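Student: Got a structure here, written out as structure tokens. Questions coming.
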Amino acid sequence: MTGKDEAELSRLLRAAIAGDERAYADFLHRIAALVRGFVRRKIVQGGVDPEDVVQETLLAIHVKRHTWREDAPVLPWVYAIARFKLIDAFRRRGRRIEVEIAETFAEPEAETVSERDINRALDGLPPSQRSVVSSISVDGHSIGETAVKLGISETAVRVSLHRGLAAIAKRFGRR
Amino acid sequence: MRTEDLIKALDADARNKAMPLGLAWWLAVGVAVVVAAMVFFMTIGPRPDIMPAMHTMRFMSKFVFTLALTTSAFALIRALSTPGAASRRAKLWTLAAPALVMIAVFLELFVVPEADWGRRLVGSNMMICMSFIPLIGIGPLAIFLGMLRYGAPTRPVLAGAVAGLLAGGLAATFYAAHCFDDSPLFVATWYTIAIAFLTALGALGGRFFVRW
């Protein structure tokens, strides 16, 4: 299963980097499910919410996707990032743990809903970026719809979205 | 915000692209060489007898050491700034430069009479060596630490230390063209101290500056 996963996920991410948004959404959904399975198995005691780590990992994957070499396998790259973010989350909680290398592959799992770290990071954004990011994420609007709704150009929406996501990725979980 | 919602936002930002890390590293090293060269030529510059010196083994051996260090550190830092990349082989290669220096030291002790060891070790330039290698290397180190921020090192302190090694190797390569002390005894001592300083500085930078 993992061999096929690997090939399929590499193909999707390559397509995404080449500009295929559908492939990127597909890639992110699958990665989210895999990372969720991985993180949930690693967090046996409370204190760290697995979904926070999933979201932080997805953001890191997004802002660091230029670090993936297109001829390298994608799953070790994904799990290395997930593991780094997981250790980071534990460290913030003041706990020292060892997370073994993710050679064991996780099963996909579905999301559960609760209050999220990402909301705090979102609230910390400048209003212009915050309204763009939440319009596209929480409200599910497209770039074009957001531009009309906020009365700004599509380019401005894209810039605010990009800067907002980068800022969230940077301040995620730092408190 | 649900993860589902986050993915919508990430997907909408898909078109925003950054330069691949591998290419960016080559660019960064090119800029770092220019910066180091500028500092070198504006301050101490090459020694006046560099042409005849190039025919001596000891002078040329210095470049073998420093270039071995620079290339191996460059390979290692590229691996360390990429999550999940294998770095074992690159780590082993960084032992090449110290090993070469050690071999050279043994040869030097063998061919040079004992009475001469002290003079060759102390040399005439050690203060210049210990101040100019860090001075030439500090600009490149800043560039490499910036590159680590651009990359995604899962071990930032180690990656920062290797950034210091790389900056040190680069700076030492330039400095070696200035220095009159060509004995491996001198190189093994003072170059090492100067490069170790940059390495420690890089590790500190990795600890406090490289967050992602």
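The way I read the labels, and the way they are meant: chains A, B, ... in the order of the structure tokens, residue 1 as the first residue of every chain, and ligand 1 as the first ligand shown, with later ones counted on from there.
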Residues of chain B within 7 Å of chain A, counting only C-alpha atoms - could you list those as JSON, numbers by chain?
Tutor: {"B": [1, 2, 3, 5, 6, 7, 8, 9, 10, 11, 13, 14, 15, 18, 19, 20, 21, 82, 83, 84, 151, 152, 154, 212]}
Student: Between B:Trp190, B:Leu100, B:Ile136, B:Gly202, which residue has the minimum interatomic distance to Met42 in chain B, considering only C-alpha atoms?
Tutor: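 Checking each of B:Trp190, B:Leu100, B:Ile136, B:Gly202 against Met42 in chain B, counting only C-alpha atoms, the winner is B:Ile136.
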Student: Could you check how far CA of Leu158 in chain B sits from CA of Leu67 in chain B, in Å to one decimal?
Tutor: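 CA of Leu67 in chain B lies 20.6 Å from CA of Leu158 in chain B.
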Student: Provide the CA of Leu80 in chain B to CA of Leu9 in chain A distance in Å, to one decimal place.
Tutor: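 One can read the CA of Leu80 in chain B to CA of Leu9 in chain A distance as 22.8 Å.
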Student: Between CA of Val112 in chain B and CA of Ala196 in chain B, what is the distance in Å, rounded to a tenth?
Tutor: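 The value is 27.0 Å.
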